[in-house]
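Note: the block below is work-v6.cif and it holds mmCIF, C-alpha atoms.
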```cif
data_my_file
#
loop_
_atom_site.group_PDB
_atom_site.id
_atom_site.type_symbol
_atom_site.label_atom_id
_atom_site.label_comp_id
_atom_site.auth_asym_id
_atom_site.auth_seq_id
_atom_site.Cartn_x
_atom_site.Cartn_y
_atom_site.Cartn_z
ATOM 1 C CA MET A 25 25.184 -43.350 85.245
ATOM 2 C CA ASN A 26 23.146 -43.589 82.045
ATOM 3 C CA ASN A 27 23.178 -47.369 81.733
ATOM 4 C CA THR A 28 19.609 -48.248 82.788
ATOM 5 C CA PRO A 29 19.942 -52.073 82.643
ATOM 6 C CA LEU A 30 23.048 -51.926 84.845
ATOM 7 C CA LEU A 31 21.247 -49.683 87.331
ATOM 8 C CA LEU A 32 18.238 -52.007 87.451
ATOM 9 C CA ALA A 33 20.524 -55.018 87.949
ATOM 10 C CA ALA A 34 22.301 -53.253 90.826
ATOM 11 C CA ILE A 35 18.954 -52.402 92.454
ATOM 12 C CA GLY A 36 17.841 -56.028 92.077
ATOM 13 C CA ILE A 37 21.055 -57.392 93.588
ATOM 14 C CA LEU A 38 20.821 -54.996 96.531
ATOM 15 C CA ALA A 39 17.155 -55.922 97.058
ATOM 16 C CA VAL A 40 17.951 -59.649 97.118
ATOM 17 C CA GLY A 41 20.884 -59.064 99.481
ATOM 18 C CA THR A 42 18.775 -56.965 101.826
ATOM 19 C CA PHE A 43 15.985 -59.540 101.899
ATOM 20 C CA SER A 44 18.508 -62.350 102.496
ATOM 21 C CA LEU A 45 20.057 -60.562 105.465
ATOM 22 C CA ARG A 46 16.659 -59.737 106.969
ATOM 23 C CA PHE A 47 15.517 -63.342 106.529
ATOM 24 C CA ALA A 48 18.753 -64.830 107.926
ATOM 25 C CA GLY A 49 18.343 -63.184 111.332
ATOM 26 C CA PRO A 50 15.161 -64.950 112.463
ATOM 27 C CA ALA A 51 16.043 -68.142 110.563
ATOM 28 C CA LEU A 52 19.455 -68.563 112.188
ATOM 29 C CA ARG A 53 18.694 -67.118 115.635
ATOM 30 C CA SER A 54 18.011 -70.483 117.244
ATOM 31 C CA ARG A 55 21.217 -72.028 115.825
ATOM 32 C CA PHE A 56 23.674 -69.612 117.396
ATOM 33 C CA GLU A 57 24.092 -68.532 120.990
ATOM 34 C CA ILE A 58 25.598 -65.137 121.666
ATOM 35 C CA SER A 59 27.252 -64.526 125.007
ATOM 36 C CA GLU A 60 25.995 -61.805 127.346
ATOM 37 C CA ARG A 61 29.291 -59.939 127.035
ATOM 38 C CA PHE A 62 29.060 -59.878 123.242
ATOM 39 C CA GLN A 63 25.423 -58.703 123.402
ATOM 40 C CA GLY A 64 26.557 -55.864 125.651
ATOM 41 C CA LEU A 65 29.291 -54.935 123.176
ATOM 42 C CA LEU A 66 26.787 -54.918 120.305
ATOM 43 C CA ALA A 67 24.459 -52.636 122.279
ATOM 44 C CA ALA A 68 27.337 -50.274 123.061
ATOM 45 C CA ALA A 69 28.445 -50.291 119.419
ATOM 46 C CA ALA A 70 24.942 -49.328 118.292
ATOM 47 C CA ILE A 71 24.905 -46.408 120.727
ATOM 48 C CA VAL A 72 28.347 -45.235 119.583
ATOM 49 C CA LEU A 73 27.344 -45.392 115.900
ATOM 50 C CA LEU A 74 24.105 -43.504 116.515
ATOM 51 C CA THR A 75 25.950 -40.861 118.537
ATOM 52 C CA ALA A 76 28.510 -40.428 115.751
ATOM 53 C CA LEU A 77 25.733 -40.051 113.191
ATOM 54 C CA VAL A 78 23.924 -37.432 115.267
ATOM 55 C CA ALA A 79 27.155 -35.530 115.972
ATOM 56 C CA THR A 80 28.146 -35.507 112.311
ATOM 57 C CA ALA A 81 24.717 -34.359 111.158
ATOM 58 C CA ALA A 82 24.398 -31.733 113.902
ATOM 59 C CA LEU A 83 27.862 -30.219 113.817
ATOM 60 C CA THR A 84 28.793 -30.182 110.130
ATOM 61 C CA ASP A 85 27.271 -28.668 107.020
ATOM 62 C CA GLY A 86 28.936 -29.921 103.873
ATOM 63 C CA THR A 87 32.640 -29.376 104.390
ATOM 64 C CA GLY A 88 32.504 -26.883 107.267
ATOM 65 C CA PRO A 89 30.933 -26.363 110.655
ATOM 66 C CA ALA A 90 27.158 -25.968 110.895
ATOM 67 C CA GLY A 91 27.194 -22.871 113.097
ATOM 68 C CA ILE A 92 25.363 -22.535 116.412
ATOM 69 C CA ALA A 93 21.650 -22.792 115.552
ATOM 70 C CA ARG A 94 21.570 -26.416 114.392
ATOM 71 C CA PRO A 95 23.537 -27.860 117.335
ATOM 72 C CA ALA A 96 21.384 -25.801 119.710
ATOM 73 C CA GLY A 97 18.234 -27.304 118.171
ATOM 74 C CA VAL A 98 19.689 -30.801 118.457
ATOM 75 C CA LEU A 99 20.609 -30.105 122.084
ATOM 76 C CA VAL A 100 17.052 -28.977 122.878
ATOM 77 C CA GLY A 101 15.684 -32.081 121.155
ATOM 78 C CA GLY A 102 18.109 -34.309 123.052
ATOM 79 C CA VAL A 103 17.170 -32.836 126.403
ATOM 80 C CA LEU A 104 13.458 -33.229 125.658
ATOM 81 C CA ALA A 105 14.006 -36.828 124.511
ATOM 82 C CA TRP A 106 15.945 -37.526 127.697
ATOM 83 C CA ARG A 107 13.014 -36.116 129.687
ATOM 84 C CA LYS A 108 10.709 -38.466 127.690
ATOM 85 C CA ALA A 109 8.664 -35.746 126.030
ATOM 86 C CA PRO A 110 6.307 -36.689 123.172
ATOM 87 C CA PHE A 111 8.087 -37.072 119.831
ATOM 88 C CA VAL A 112 6.084 -34.343 118.102
ATOM 89 C CA LEU A 113 7.032 -31.886 120.857
ATOM 90 C CA ILE A 114 10.694 -32.853 120.512
ATOM 91 C CA VAL A 115 10.724 -32.230 116.755
ATOM 92 C CA VAL A 116 8.775 -28.971 116.955
ATOM 93 C CA ALA A 117 10.886 -27.589 119.828
ATOM 94 C CA ALA A 118 14.158 -28.482 118.105
ATOM 95 C CA ALA A 119 13.046 -26.922 114.824
ATOM 96 C CA ALA A 120 11.675 -23.837 116.577
ATOM 97 C CA THR A 121 14.922 -23.377 118.483
ATOM 98 C CA ALA A 122 17.037 -23.544 115.333
ATOM 99 C CA ALA A 123 14.627 -21.342 113.374
ATOM 100 C CA GLY A 124 14.383 -18.803 116.181
ATOM 101 C CA LEU A 125 18.139 -18.514 116.504
ATOM 102 C CA ARG A 126 18.507 -18.124 112.740
ATOM 103 C CA LEU A 127 15.774 -15.458 112.765
ATOM 104 C CA LEU A 128 17.837 -13.581 115.362
ATOM 105 C CA GLY A 129 20.862 -13.755 113.047
ATOM 106 C CA VAL A 130 22.766 -16.548 114.779
ATOM 107 C CA PRO A 131 24.460 -18.731 112.144
#
```

What would you get if you wrote out this structure as structure tokens?
Amino acid sequence: MNNTPLLLAAIGILAVGTFSLRFAGPALRSRFEISERFQGLLAAAAIVLLTALVATAALTDGTGPAGIARPAGVLVGGVLAWRKAPFVLIVVAAAATAAGLRLLGVP
């Protein structure tokens, strides 16, 4: 994409759209009432989307499987997060697990 004015226009349109959506939430919150059931569905949908994102990032590498080391690191990080460990410890332990397994020759 070598058309600089078109790229700048697209960035501007996306910026205005993003700001509009972020502004509309607080501005319209008092005008609409969402049922408890629908709020529960939205919470569940957010969890499902986040789980799908984590699974895709942890289990695939490009077009193929990621091997064993990356999912093992994600599993260690998930267990530590579940146990409410500090975030820095979670990241370091997950990275150390994946790096250690790769150092041992595990793909």

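Each of A:Gly102, A:Gly97, A:Gly64, A:Pro110 was compared to Ala123 in chain A using all atoms listed in the file, and A:Gly97 turns out to be the nearest.
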
>> Could you list, as a list of chain:residue names, every residue matched by the PyMOL selection byres ((chain A and resi 86-96) around 8) in this structure?
In response: A:Ala82, A:Leu83, A:Thr84, A:Asp85, A:Gly97, A:Val98, A:Leu99, A:Val100, A:Ala118, A:Thr121, A:Ala122, A:Ala123, A:Leu125, A:Arg126, A:Val130, A:Pro131

> Can you tell me how far CA of Ala105 in chain A sits from CA of Ala120 in chain A, in Å to one decimal?
Replying inline: 15.4 Å

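Here CA of Thr80 in chain A is placed at a distance of 26.1 Å from CA of Leu38 in chain A.
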
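Coordinates place CA of Phe47 in chain A at a distance of 19.9 Å from CA of Ala34 in chain A.
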